[in-house]
$ cat run.txt   # compact mmCIF, C-alpha atoms
# COMPACT_ATOMS: atom_id res chain seq x y z
CA MET A 1 25.29 9.47 -2.67
CA LEU A 2 24.78 10.94 -6.15
CA LYS A 3 25.37 8.76 -9.22
CA LYS A 4 25.24 9.97 -12.81
CA PHE A 5 25.09 7.87 -15.99
CA PHE A 6 24.72 8.33 -19.73
CA TYR A 7 22.44 5.69 -21.18
CA ASN A 8 23.83 3.80 -24.17
CA LYS A 9 24.11 0.24 -25.43
CA ASN A 10 27.51 -0.29 -23.85
CA ASN A 11 26.50 0.53 -20.26
CA LYS A 12 22.90 -0.70 -20.37
CA GLY A 13 23.77 -3.63 -18.10
CA LYS A 14 25.42 -1.34 -15.56
CA ILE A 15 22.38 0.94 -15.41
CA TYR A 16 20.03 -2.00 -14.93
CA ALA A 17 22.29 -3.20 -12.12
CA VAL A 18 21.93 0.22 -10.46
CA ILE A 19 18.13 -0.10 -10.67
CA ASP A 20 18.29 -3.65 -9.30
CA LYS A 21 20.26 -2.36 -6.33
CA MET A 22 17.64 0.34 -5.71
CA ASN A 23 14.87 -2.26 -5.76
CA ASN A 24 16.75 -4.67 -3.52
CA PHE A 25 14.51 -5.04 -0.48
CA ASP A 26 14.75 -8.69 0.46
CA VAL A 27 12.67 -9.13 3.59
CA LYS A 28 14.08 -12.07 5.54
CA VAL A 29 12.27 -12.75 8.77
CA SER A 30 14.76 -12.77 11.63
CA ASP A 31 14.69 -15.17 14.57
CA ASP A 32 13.99 -12.23 16.90
CA ILE A 33 10.78 -11.40 15.04
CA VAL A 34 9.64 -15.03 15.11
CA LYS A 35 10.29 -15.14 18.86
CA ILE A 36 8.26 -11.96 19.48
CA VAL A 37 5.31 -13.11 17.36
CA GLU A 38 5.18 -16.60 18.84
CA ASP A 39 5.49 -15.24 22.39
CA ILE A 40 2.54 -12.88 21.86
CA LYS A 41 0.54 -15.65 20.21
CA LEU A 42 1.03 -17.75 23.36
CA ASN A 43 1.01 -15.12 26.13
CA GLY A 44 -1.10 -12.24 24.80
CA ASP A 45 -1.16 -8.94 26.70
CA LYS A 46 1.58 -10.00 29.12
CA ALA A 47 4.03 -10.49 26.24
CA VAL A 48 2.84 -7.32 24.47
CA LYS A 49 3.57 -5.18 27.55
CA LYS A 50 6.90 -6.92 28.06
CA TYR A 51 8.11 -6.04 24.56
CA ILE A 52 6.77 -2.48 24.71
CA LYS A 53 8.82 -1.98 27.90
CA ARG A 54 11.89 -3.57 26.28
CA ILE A 55 11.68 -1.93 22.83
CA ASP A 56 9.94 1.41 23.44
CA LYS A 57 11.14 1.86 27.04
CA VAL A 58 7.56 2.51 28.16
CA ASN A 59 5.80 0.74 31.01
CA LEU A 60 2.12 0.70 30.03
CA LYS A 61 -0.77 -0.31 32.25
CA ASN A 62 -3.38 0.27 29.53
CA LEU A 63 -2.73 -0.62 25.90
CA LYS A 64 -5.87 1.05 24.58
CA VAL A 65 -6.07 4.81 24.11
CA THR A 66 -8.77 6.32 26.34
CA LYS A 67 -11.34 8.96 25.38
CA LYS A 68 -9.57 11.33 27.76
CA GLU A 69 -6.29 10.85 25.87
CA ILE A 70 -8.04 11.64 22.60
CA LEU A 71 -9.61 14.81 24.03
CA ASN A 72 -6.24 15.88 25.46
CA ALA A 73 -4.67 15.37 22.04
CA TYR A 74 -6.68 18.33 20.68
CA LYS A 75 -4.97 20.55 23.27
CA LYS A 76 -1.53 19.52 22.05
CA ILE A 77 -1.89 20.23 18.32
CA ASP A 78 -1.81 23.39 16.26
CA LYS A 79 -5.53 24.08 15.70
CA LYS A 80 -4.72 25.81 12.42
CA ILE A 81 -3.96 22.40 10.89
CA LEU A 82 -7.53 21.13 11.39
CA PRO A 83 -9.01 22.68 8.19
CA ALA A 84 -6.20 21.09 6.15
CA ILE A 85 -6.82 17.68 7.73
CA LYS A 86 -10.56 17.94 7.06
CA THR A 87 -10.06 19.02 3.43
CA SER A 88 -7.66 16.14 2.88
CA ILE A 89 -10.19 13.71 4.33
CA GLU A 90 -12.95 15.11 2.10
CA ASN A 91 -10.85 14.78 -1.07
CA VAL A 92 -9.73 11.25 -0.21
CA LYS A 93 -13.35 10.29 0.49
CA LYS A 94 -14.54 11.61 -2.87
CA PHE A 95 -11.89 9.66 -4.79
CA HIS A 96 -12.55 6.40 -2.98
CA GLN A 97 -16.32 6.83 -3.20
CA MET A 98 -15.81 6.86 -6.97
CA GLN A 99 -14.19 3.43 -6.63
CA ILE A 100 -17.09 1.96 -4.70
CA LYS A 101 -19.62 3.38 -7.18
CA ASN A 102 -17.87 1.44 -9.93
CA LEU A 103 -18.29 -1.80 -7.96
CA LYS A 104 -21.82 -2.71 -8.95
CA GLY A 105 -22.66 -6.40 -8.56
CA TYR A 106 -22.15 -7.93 -12.00
CA VAL A 107 -24.59 -10.49 -13.39
CA TYR A 108 -23.74 -12.81 -16.26
CA LYS A 109 -26.75 -14.74 -17.45
CA ASN A 110 -28.33 -16.63 -20.32
CA TYR A 111 -31.38 -18.89 -20.47
CA GLU A 112 -29.64 -21.83 -18.80
CA TYR A 113 -27.72 -20.30 -15.88
CA LYS A 114 -26.48 -17.10 -14.30
CA ILE A 115 -23.54 -15.95 -12.18
CA ILE A 116 -23.81 -13.03 -9.78
CA GLN A 117 -20.67 -11.37 -8.48
CA LYS A 118 -21.36 -10.10 -4.97
CA TYR A 119 -19.06 -7.77 -2.99
CA ILE A 120 -18.67 -8.18 0.77
CA PRO A 121 -16.67 -5.90 3.12
CA LEU A 122 -14.18 -7.38 5.56
CA ASP A 123 -15.37 -7.70 9.16
CA SER A 124 -12.23 -6.23 10.73
CA VAL A 125 -9.03 -4.46 9.73
CA GLY A 126 -5.93 -3.40 11.65
CA VAL A 127 -4.26 -0.17 10.50
CA TYR A 128 -0.62 0.29 11.44
CA ILE A 129 0.61 3.89 11.67
CA PRO A 130 4.39 4.42 12.08
CA GLY A 131 5.50 6.70 14.88
CA GLY A 132 9.22 6.99 14.28
CA GLN A 133 10.69 9.58 11.91
CA ALA A 134 7.50 11.68 11.73
CA PRO A 135 3.88 11.53 12.91
CA LEU A 136 2.33 10.15 9.72
CA PHE A 137 -1.20 11.27 10.47
CA SER A 138 -1.83 11.57 6.73
CA THR A 139 -1.47 7.79 6.59
CA VAL A 140 -4.39 7.50 9.01
CA ILE A 141 -6.49 9.19 6.33
CA MET A 142 -5.16 7.08 3.47
CA ALA A 143 -5.55 3.76 5.26
CA CYS A 144 -8.83 4.36 7.10
CA VAL A 145 -10.96 6.27 4.57
CA PRO A 146 -11.16 3.46 1.97
CA ALA A 147 -11.91 0.99 4.77
CA ILE A 148 -14.73 3.24 6.02
CA ILE A 149 -16.16 3.62 2.52
CA ALA A 150 -15.94 -0.15 1.98
CA LYS A 151 -18.00 -0.45 5.21
CA VAL A 152 -15.49 -2.57 7.11
CA GLY A 153 -17.15 -3.66 10.37
CA ASN A 154 -14.35 -2.78 12.80
CA ILE A 155 -11.30 -0.60 12.13
CA ILE A 156 -8.48 -0.73 14.68
CA ILE A 157 -5.43 1.54 14.74
CA THR A 158 -2.11 0.74 16.37
CA SER A 159 0.86 3.07 16.66
CA PRO A 160 3.95 3.02 18.92
CA PRO A 161 3.96 4.99 22.21
CA THR A 162 6.85 7.24 21.16
CA PHE A 163 5.25 10.59 22.10
CA ASN A 164 5.60 11.11 25.87
CA LYS A 165 4.65 7.45 26.45
CA GLY A 166 1.64 7.81 24.19
CA ILE A 167 0.62 8.15 20.54
CA ASN A 168 1.33 11.36 18.67
CA PRO A 169 -1.64 13.75 19.18
CA TYR A 170 -1.97 14.48 15.46
CA ILE A 171 -2.56 10.77 14.83
CA LEU A 172 -5.19 10.66 17.59
CA VAL A 173 -6.98 13.80 16.39
CA THR A 174 -7.10 12.59 12.78
CA ALA A 175 -8.47 9.23 13.87
CA ASP A 176 -11.09 10.97 16.01
CA ILE A 177 -12.24 13.16 13.11
CA LEU A 178 -12.71 9.95 11.11
CA GLY A 179 -14.75 8.45 13.95
CA ILE A 180 -12.21 5.79 14.91
CA ASN A 181 -11.56 5.42 18.62
CA ASP A 182 -10.37 1.81 18.82
CA ILE A 183 -6.69 2.75 19.08
CA TYR A 184 -3.80 0.92 20.77
CA LYS A 185 -0.38 2.08 21.96
CA ILE A 186 1.57 -0.73 20.32
CA GLY A 187 4.28 -0.53 17.66
CA GLY A 188 6.33 -2.63 15.27
CA ALA A 189 6.28 -6.42 15.20
CA VAL A 190 4.51 -6.43 18.57
CA ALA A 191 1.50 -4.64 17.06
CA ILE A 192 1.39 -6.96 14.05
CA ALA A 193 1.43 -10.04 16.28
CA ALA A 194 -1.27 -8.64 18.59
CA LEU A 195 -3.54 -7.80 15.65
CA THR A 196 -2.97 -11.19 14.04
CA TYR A 197 -3.73 -13.44 17.00
CA GLY A 198 -5.67 -11.11 19.28
CA THR A 199 -5.16 -10.74 23.02
CA LYS A 200 -7.46 -10.09 25.96
CA THR A 201 -7.22 -6.37 25.12
CA VAL A 202 -6.49 -6.24 21.38
CA PRO A 203 -9.07 -7.69 18.97
CA LYS A 204 -7.97 -10.14 16.30
CA VAL A 205 -8.39 -8.76 12.76
CA GLU A 206 -8.80 -10.25 9.31
CA LYS A 207 -6.33 -7.99 7.52
CA ILE A 208 -3.49 -5.60 8.41
CA VAL A 209 -2.62 -2.56 6.29
CA GLY A 210 -0.24 0.36 6.56
CA PRO A 211 3.50 0.98 6.19
CA GLY A 212 6.19 0.49 8.82
CA ASN A 213 9.86 -0.13 9.42
CA ILE A 214 11.76 -3.30 8.55
CA TYR A 215 10.65 -5.04 11.77
CA THR A 216 7.01 -4.31 11.05
CA THR A 217 7.44 -5.58 7.51
CA MET A 218 9.20 -8.77 8.64
CA ALA A 219 6.35 -9.45 11.05
CA LYS A 220 3.74 -8.88 8.34
CA LYS A 221 5.54 -11.34 6.11
CA TYR A 222 5.73 -13.92 8.91
CA VAL A 223 2.02 -13.77 9.83
CA PHE A 224 0.71 -13.62 6.25
CA GLY A 225 -1.68 -16.52 5.84
CA GLU A 226 -2.91 -16.23 9.42
CA VAL A 227 -4.08 -12.76 8.42
CA GLY A 228 -4.26 -10.80 5.18
CA ILE A 229 -1.80 -7.98 4.49
CA ASP A 230 -1.72 -5.14 1.98
CA GLY A 231 1.90 -5.76 0.99
CA LEU A 232 5.52 -5.58 2.10
CA ASN A 233 6.32 -1.88 2.15
CA GLY A 234 9.93 -0.85 1.61
CA PRO A 235 11.63 2.57 1.61
CA SER A 236 9.85 5.41 -0.18
CA GLU A 237 11.01 6.27 -3.70
CA ILE A 238 10.43 8.43 -6.76
CA THR A 239 11.35 8.29 -10.43
CA ILE A 240 11.11 11.42 -12.57
CA LEU A 241 11.10 11.39 -16.37
CA ALA A 242 11.71 14.86 -17.81
CA ASP A 243 12.74 16.75 -20.91
CA GLU A 244 13.82 20.36 -21.37
CA SER A 245 10.27 21.61 -20.65
CA ALA A 246 10.59 20.66 -16.96
CA ASN A 247 11.33 23.23 -14.29
CA PRO A 248 14.68 22.12 -12.77
CA ASN A 249 13.86 23.62 -9.36
CA PHE A 250 10.65 21.57 -9.15
CA ILE A 251 12.56 18.41 -10.07
CA LEU A 252 15.30 19.08 -7.54
CA LEU A 253 12.85 19.51 -4.67
CA ASP A 254 10.70 16.54 -5.66
CA LEU A 255 13.78 14.31 -5.68
CA LEU A 256 14.76 15.59 -2.24
CA ALA A 257 11.20 15.21 -0.92
CA GLN A 258 11.15 11.45 -1.42
CA ALA A 259 14.83 10.85 -0.64
CA GLU A 260 14.41 12.52 2.77
CA HIS A 261 12.46 9.48 3.99
CA ILE A 262 14.56 6.96 5.91
CA ASN A 263 16.43 4.85 3.31
CA GLY A 264 14.45 6.62 0.57
CA HIS A 265 15.87 6.89 -2.92
CA ALA A 266 15.25 8.84 -6.11
CA LEU A 267 15.90 8.27 -9.80
CA PHE A 268 15.99 11.12 -12.30
CA ILE A 269 15.78 10.16 -15.99
CA THR A 270 16.11 13.00 -18.50
CA THR A 271 16.90 13.93 -22.07
CA SER A 272 18.16 17.31 -20.85
CA LEU A 273 21.87 17.41 -19.98
CA LYS A 274 21.39 20.99 -18.73
CA THR A 275 18.77 19.94 -16.16
CA ALA A 276 20.80 16.91 -15.13
CA ASP A 277 23.85 19.12 -14.51
CA PHE A 278 21.73 21.60 -12.54
CA VAL A 279 20.56 18.86 -10.17
CA ALA A 280 23.98 17.23 -9.90
CA ASP A 281 25.74 20.56 -9.21
CA TYR A 282 23.29 21.42 -6.45
CA PHE A 283 23.94 18.12 -4.72
CA LYS A 284 27.69 18.48 -4.95
CA MET A 285 27.77 22.11 -3.83
CA ASN A 286 25.56 21.39 -0.81
CA ASN A 287 27.19 18.05 0.02
CA ILE A 288 23.83 16.25 0.05
CA LYS A 289 24.18 12.56 0.86
CA TYR A 290 20.74 11.31 -0.18
CA ASN A 291 20.57 8.26 -2.44
CA ILE A 292 19.88 9.78 -5.88
CA SER A 293 20.83 8.57 -9.35
CA ILE A 294 20.65 10.53 -12.63
CA ILE A 295 20.42 8.85 -16.03
CA ILE A 296 20.78 10.97 -19.18
CA ILE A 297 18.93 9.31 -22.04
CA GLU A 298 18.99 9.89 -25.80
CA ASN A 299 15.20 9.68 -26.23
CA LEU A 300 12.03 9.18 -24.19
CA LYS A 301 11.62 5.62 -25.46
CA GLN A 302 14.67 4.67 -23.42
CA GLY A 303 13.11 6.37 -20.40
CA ILE A 304 9.90 4.37 -20.75
CA GLU A 305 11.94 1.17 -20.89
CA LEU A 306 13.79 2.07 -17.69
CA ILE A 307 10.58 3.08 -15.88
CA ASN A 308 8.82 -0.19 -16.67
CA TYR A 309 11.88 -2.06 -15.43
CA LYS A 310 12.12 0.02 -12.25
CA ALA A 311 8.36 -0.07 -11.48
CA PRO A 312 8.63 2.99 -9.21
CA GLU A 313 6.37 3.78 -6.29
CA HIS A 314 5.92 7.41 -7.45
CA LEU A 315 6.41 8.44 -11.07
CA GLU A 316 6.50 12.02 -12.31
CA ILE A 317 6.32 12.59 -16.08
CA ILE A 318 7.30 16.16 -16.91
CA VAL A 319 7.59 16.30 -20.69
CA LYS A 320 6.01 18.32 -23.48
CA ASN A 321 3.34 15.71 -24.24
CA PRO A 322 2.87 13.35 -21.26
CA GLN A 323 -0.32 11.89 -22.77
CA LYS A 324 1.79 10.08 -25.36
CA ILE A 325 3.91 8.52 -22.62
CA ILE A 326 1.22 7.40 -20.14
CA PRO A 327 -0.26 4.59 -22.31
CA LEU A 328 3.22 3.04 -22.55
CA ILE A 329 3.79 2.92 -18.78
CA LYS A 330 2.89 -0.53 -17.44
CA ASN A 331 4.42 -0.53 -13.98
CA ALA A 332 3.65 2.53 -11.88
CA PRO A 333 0.93 2.71 -9.20
CA ALA A 334 0.85 6.52 -9.05
CA ILE A 335 1.70 8.85 -11.95
CA PHE A 336 1.98 12.64 -11.69
CA THR A 337 2.04 14.62 -14.93
CA GLY A 338 3.20 18.14 -15.70
CA ASN A 339 5.24 20.69 -13.79
CA TYR A 340 2.62 21.35 -11.11
CA SER A 341 1.68 17.78 -10.16
CA ALA A 342 4.05 17.31 -7.24
CA VAL A 343 4.07 13.94 -5.47
CA ALA A 344 3.52 15.80 -2.19
CA PHE A 345 0.18 17.07 -3.56
CA GLY A 346 -0.86 13.46 -4.05
CA ASP A 347 0.51 12.50 -0.63
CA TYR A 348 -1.71 14.94 1.20
CA MET A 349 -4.50 16.53 -0.79
CA ALA A 350 -5.39 15.20 -4.26
CA GLY A 351 -7.46 12.28 -2.96
CA ALA A 352 -5.60 9.38 -4.56
CA ASN A 353 -4.00 6.99 -2.08
CA HIS A 354 -0.39 7.41 -1.00
CA ILE A 355 0.05 3.88 0.38
CA LEU A 356 1.76 2.38 -2.64
CA PRO A 357 3.80 -0.69 -3.63
CA THR A 358 7.55 -0.07 -3.47
CA ASN A 359 10.82 -1.59 -4.67
CA GLY A 360 9.55 -2.96 -7.97
CA THR A 361 6.44 -4.63 -6.56
CA ALA A 362 4.29 -2.34 -8.72
CA LYS A 363 4.89 -4.95 -11.41
CA PHE A 364 2.17 -7.01 -9.72
CA SER A 365 0.37 -4.78 -7.20
CA SER A 366 -1.43 -1.45 -6.91
CA ALA A 367 -2.17 1.44 -4.57
CA LEU A 368 -4.24 0.77 -1.47
CA SER A 369 -7.91 1.22 -2.33
CA VAL A 370 -11.45 0.24 -1.49
CA PHE A 371 -10.72 -3.07 -3.26
CA ASP A 372 -8.32 -4.04 -0.44
CA PHE A 373 -11.19 -4.04 2.04
CA ILE A 374 -13.75 -6.13 0.18
CA LYS A 375 -14.07 -9.69 -1.05
CA HIS A 376 -16.13 -10.91 -3.96
CA THR A 377 -18.28 -14.03 -4.10
CA HIS A 378 -19.55 -15.83 -7.20
CA ILE A 379 -23.12 -17.10 -6.93
CA VAL A 380 -23.90 -19.71 -9.62
CA SER A 381 -27.51 -20.64 -10.41
CA CYS A 382 -28.09 -23.29 -13.09
CA ASN A 383 -31.39 -24.73 -14.31
CA LYS A 384 -32.19 -28.07 -15.98
CA LYS A 385 -31.72 -26.61 -19.46
CA GLY A 386 -28.18 -25.62 -18.54
CA ILE A 387 -27.31 -29.15 -17.42
CA GLN A 388 -28.86 -30.60 -20.58
CA ARG A 389 -26.92 -28.20 -22.80
CA TYR A 390 -23.49 -28.36 -21.16
CA GLY A 391 -23.63 -31.60 -19.13
CA GLU A 392 -21.98 -33.99 -21.57
CA LYS A 393 -19.09 -31.57 -22.09
CA VAL A 394 -18.57 -31.31 -18.32
CA GLU A 395 -18.64 -35.11 -18.05
CA ALA A 396 -16.03 -35.43 -20.78
CA LEU A 397 -13.71 -32.97 -19.04
CA ALA A 398 -14.13 -34.69 -15.66
CA GLU A 399 -13.52 -38.13 -17.18
CA LYS A 400 -10.25 -37.00 -18.78
CA GLU A 401 -9.09 -35.70 -15.41
CA GLY A 402 -9.96 -39.04 -13.80
CA LEU A 403 -12.60 -37.55 -11.48
CA LEU A 404 -15.40 -40.12 -11.61
CA TYR A 405 -17.76 -38.60 -9.09
CA HIS A 406 -17.42 -35.17 -10.70
CA LYS A 407 -18.71 -36.81 -13.87
CA LEU A 408 -21.51 -38.71 -12.14
CA SER A 409 -22.68 -35.61 -10.22
CA ILE A 410 -23.47 -34.07 -13.61
CA LYS A 411 -24.72 -37.21 -15.37
CA CYS A 412 -27.30 -37.98 -12.70
CA ARG A 413 -28.74 -34.50 -13.06
CA ARG A 414 -28.82 -34.87 -16.84
CA THR A 415 -30.40 -38.30 -16.98
CA LEU A 416 -32.37 -38.84 -13.77
CA LYS A 417 -36.07 -38.24 -14.08
CA TRP A 418 -37.00 -36.08 -11.12
CA LYS A 419 -39.65 -33.40 -10.76

$ encode --input "run.txt" --output "structure tokens"
Amino acid sequence: MLKKFFYNKNNKGKIYAVIDKMNNFDVKVSDDIVKIVEDIKLNGDKAVKKYIKRIDKVNLKNLKVTKKEILNAYKKIDKKILPAIKTSIENVKKFHQMQIKNLKGYVYKNYEYKIIQKYIPLDSVGVYIPGGQAPLFSTVIMACVPAIIAKVGNIIITSPPTFNKGINPYILVTADILGINDIYKIGGAVAIAALTYGTKTVPKVEKIVGPGNIYTTMAKKYVFGEVGIDGLNGPSEITILADESANPNFILLDLLAQAEHINGHALFITTSLKTADFVADYFKMNNIKYNISIIIIENLKQGIELINYKAPEHLEIIVKNPQKIIPLIKNAPAIFTGNYSAVAFGDYMAGANHILPTNGTAKFSSALSVFDFIKHTHIVSCNKKGIQRYGEKVEALAEKEGLLYHKLSIKCRRTLKWK
């Protein structure tokens, strides 16, 4: 459904309400999801196979993908796609290697004490790859490459058996190129539960990443705390800010590209009435039912305000001088500037990650990265001079908080004669 608005003081509230509706993705965990997760927690593989048979209509003897299945996958794909997959992997590796190079252990020190910040990779990660609308083998690259670069100990992939009772061959081939062969034919909430608690066949992991449908997301929300998660991924989305310098055909197709995802939506904000009419007319003439809204603004300042309120997953800025706009954008995990920086280029080839926070959650979260697969530890080393210099201040703070033994643990070090 296409909606068109002119931004002004009188209808500001209405426009914000439209944005609120776009961002409305309230994940409430259903009783069915709780039942599935708790059943798998208690009964392991037996429950996993039961739900795969019930949900996916597949009766599986083996949950894990075999080496033979991986080899057979190469026979089922278009070999011409392999160079594109490998180039994508190389570009994504280069970008995420830059992230890890910037993570040098930081040392703060003076004469009395020092603090070292040490980075440690996670031991195990589960990567969920959807298998519904399309074989998202590009998501294998985006989720696994930063984990590999972070040196995660064990990377496990799960994906539903929706391709002839198995996993889509493009997903298997991409995983194989990356050197990952710990792959399981499990989808949705069933996969999340299996990865969280572990079964006889499926290893338990420390964190689960990757997008999925509403059932996958509900399960991730339910198990969070038992296991880490990257976020609660909602429908894909795009916001485009443009002036008269933007190519209307590029804008039209970029809006359609994101809106074609299941439940996807698009927001077009522009100072150009001509471009807005071009987009709107195309939608009406072709009876396109995608969820797209157009807002005609008086100036780019209004656009910046709307963007920061929307906090879009993907943001395109196609204006005469985007460098003036970028510093003012606070809430956007991925920004594409200029007429030739299509979101699809970022999705597949640029190297930046396409697993992004959606539905306004970019106000407090970022794109998936190497940082999602590491922890940091603070190592504090204090000498006697440090205790002598700062001890009385620590004691005063502890005393005011009523923590007697906190105070005494410092005072004894400050006053006791020892070595």

$ atom_distance --input "run.txt" --atom1 "CA of Cys144 in chain A" --atom2 "CA of Lys80 in chain A"
22.5 Å

$ residues_around --input "run.txt" --residues "range 357-367 of chain A" --least-positions-apart "6" --cutoff "9 Å" --atoms "only C-alpha atoms" --output "ChimeraX atom specification"
/A:20,22-25,231-237,308-314,330-334

$ residues_around --input "run.txt" --residues "Val173 in chain A" --least-positions-apart "2" --cutoff "10 Å" --atoms "all atoms listed in the file" --output "list of chain:residue names"
A:Glu69, A:Ile70, A:Leu71, A:Asn72, A:Ala73, A:Tyr74, A:Lys75, A:Lys76, A:Ile77, A:Leu82, A:Ile85, A:Phe137, A:Asn168, A:Pro169, A:Tyr170, A:Ile171, A:Ala175, A:Asp176, A:Ile177, A:Leu178, A:Gly179, A:Ile180, A:Asn181

$ axis_aligned_box --input "run.txt" --around "range 385-403 of chain A" --padding-each-side "5 Å" --output "JSON"
{"center_x": -20.4, "center_y": -32.3, "center_z": -17.1, "size_x": 32.6, "size_y": 23.4, "size_z": 21.3}

$ closest_residue --input "run.txt" --among "A:Tyr113, A:Tyr340, A:Trp418, A:Tyr16" --to "Ile307 in chain A" --atoms "only C-alpha atoms"
A:Tyr16

$ closest_residue --input "run.txt" --among "A:Lys274, A:Lys86, A:Lys49, A:His96" --to "Ser138 in chain A" --atoms "only C-alpha atoms"
A:Lys86

$ residues_around --input "run.txt" --residues "range 376-385 of chain A" --least-positions-apart "5" --cutoff "10 Å" --atoms "only C-alpha atoms" --output "ChimeraX atom specification"
/A:105-121,371,390-391,413-414

$ closest_atom_pairs --input "run.txt" --of "range 247-320 of chain A" --to "range 206-221 of chain A" --cutoff "12 Å" --atoms "only C-alpha atoms" --output "tab-separated table"
residue	atom	partner	partner_atom	distance
A:His261	CA	A:Asn213	CA	11.3
A:Ile262	CA	A:Asn213	CA	9.2
A:Asn263	CA	A:Asn213	CA	10.3

$ atom_distance --input "run.txt" --atom1 "CA of Asp243 in chain A" --atom2 "CA of Leu356 in chain A"
25.7 Å

$ closest_residue --input "run.txt" --among "A:Gln97, A:Thr162, A:Thr174, A:Asn291" --to "Ile52 in chain A" --atoms "only C-alpha atoms"
A:Thr162

$ residues_around --input "run.txt" --residues "Leu241 in chain A" --least-positions-apart "3" --cutoff "10 Å" --atoms "only C-alpha atoms" --output "PyMOL selection string"
chain A and resi 246+251+267-271+295+297+300+303-304+306-307+315-319+322+325+337

$ residues_around --input "run.txt" --residues "Asp182 in chain A" --least-positions-apart "4" --cutoff "12 Å" --atoms "all atoms listed in the file" --output "PyMOL selection string"
chain A and resi 63-67+70+124-127+154-159+172+175-176+178+201-203

$ atom_distance --input "run.txt" --atom1 "CA of Val343 in chain A" --atom2 "CA of Lys101 in chain A"
26.0 Å

$ closest_residue --input "run.txt" --among "A:Asn62, A:Asn11, A:Ser272, A:Asn102" --to "Asp45 in chain A" --atoms "only C-alpha atoms"
A:Asn62

$ build_atoms --input "run.txt" --residues "range 402-418 of chain A" --atoms "N, CA and C atoms" --output "JSON list (two decimals), in the coordinates of the input"
[["chain", "number", "residue", "atom", "x", "y", "z"],
["A", 402, "GLY", "N", -9.89, -37.89, -14.69],
["A", 402, "GLY", "CA", -9.96, -39.04, -13.80],
["A", 402, "GLY", "C", -10.81, -38.81, -12.57],
["A", 403, "LEU", "N", -11.76, -37.89, -12.64],
["A", 403, "LEU", "CA", -12.60, -37.55, -11.48],
["A", 403, "LEU", "C", -14.00, -38.11, -11.71],
["A", 404, "LEU", "N", -14.18, -39.37, -11.32],
["A", 404, "LEU", "CA", -15.40, -40.12, -11.61],
["A", 404, "LEU", "C", -16.64, -39.49, -11.02],
["A", 405, "TYR", "N", -16.55, -39.11, -9.74],
["A", 405, "TYR", "CA", -17.76, -38.60, -9.09],
["A", 405, "TYR", "C", -18.10, -37.18, -9.54],
["A", 406, "HIS", "N", -17.11, -36.44, -10.03],
["A", 406, "HIS", "CA", -17.42, -35.17, -10.70],
["A", 406, "HIS", "C", -18.34, -35.44, -11.90],
["A", 407, "LYS", "N", -17.94, -36.45, -12.68],
["A", 407, "LYS", "CA", -18.71, -36.81, -13.87],
["A", 407, "LYS", "C", -20.11, -37.26, -13.49],
["A", 408, "LEU", "N", -20.20, -38.16, -12.51],
["A", 408, "LEU", "CA", -21.51, -38.71, -12.14],
["A", 408, "LEU", "C", -22.43, -37.67, -11.52],
["A", 409, "SER", "N", -21.84, -36.65, -10.82],
["A", 409, "SER", "CA", -22.68, -35.61, -10.22],
["A", 409, "SER", "C", -23.40, -34.80, -11.28],
["A", 410, "ILE", "N", -22.82, -34.74, -12.48],
["A", 410, "ILE", "CA", -23.47, -34.07, -13.61],
["A", 410, "ILE", "C", -24.41, -35.02, -14.34],
["A", 411, "LYS", "N", -23.94, -36.24, -14.59],
["A", 411, "LYS", "CA", -24.72, -37.21, -15.37],
["A", 411, "LYS", "C", -26.05, -37.54, -14.72],
["A", 412, "CYS", "N", -26.04, -37.65, -13.37],
["A", 412, "CYS", "CA", -27.30, -37.98, -12.70],
["A", 412, "CYS", "C", -28.31, -36.86, -12.85],
["A", 413, "ARG", "N", -27.84, -35.63, -12.88],
["A", 413, "ARG", "CA", -28.74, -34.50, -13.06],
["A", 413, "ARG", "C", -29.27, -34.43, -14.49],
["A", 414, "ARG", "N", -28.44, -34.92, -15.42],
["A", 414, "ARG", "CA", -28.82, -34.87, -16.84],
["A", 414, "ARG", "C", -29.78, -35.99, -17.21],
["A", 415, "THR", "N", -29.66, -37.13, -16.55],
["A", 415, "THR", "CA", -30.40, -38.30, -16.98],
["A", 415, "THR", "C", -31.51, -38.75, -16.04],
["A", 416, "LEU", "N", -31.37, -38.38, -14.75],
["A", 416, "LEU", "CA", -32.37, -38.84, -13.77],
["A", 416, "LEU", "C", -33.68, -38.08, -13.93],
["A", 417, "LYS", "N", -34.76, -38.85, -13.99],
["A", 417, "LYS", "CA", -36.07, -38.24, -14.08],
["A", 417, "LYS", "C", -36.53, -37.85, -12.69],
["A", 418, "TRP", "N", -36.64, -36.55, -12.46],
["A", 418, "TRP", "CA", -37.00, -36.08, -11.12],
["A", 418, "TRP", "C", -37.65, -34.71, -11.23]]
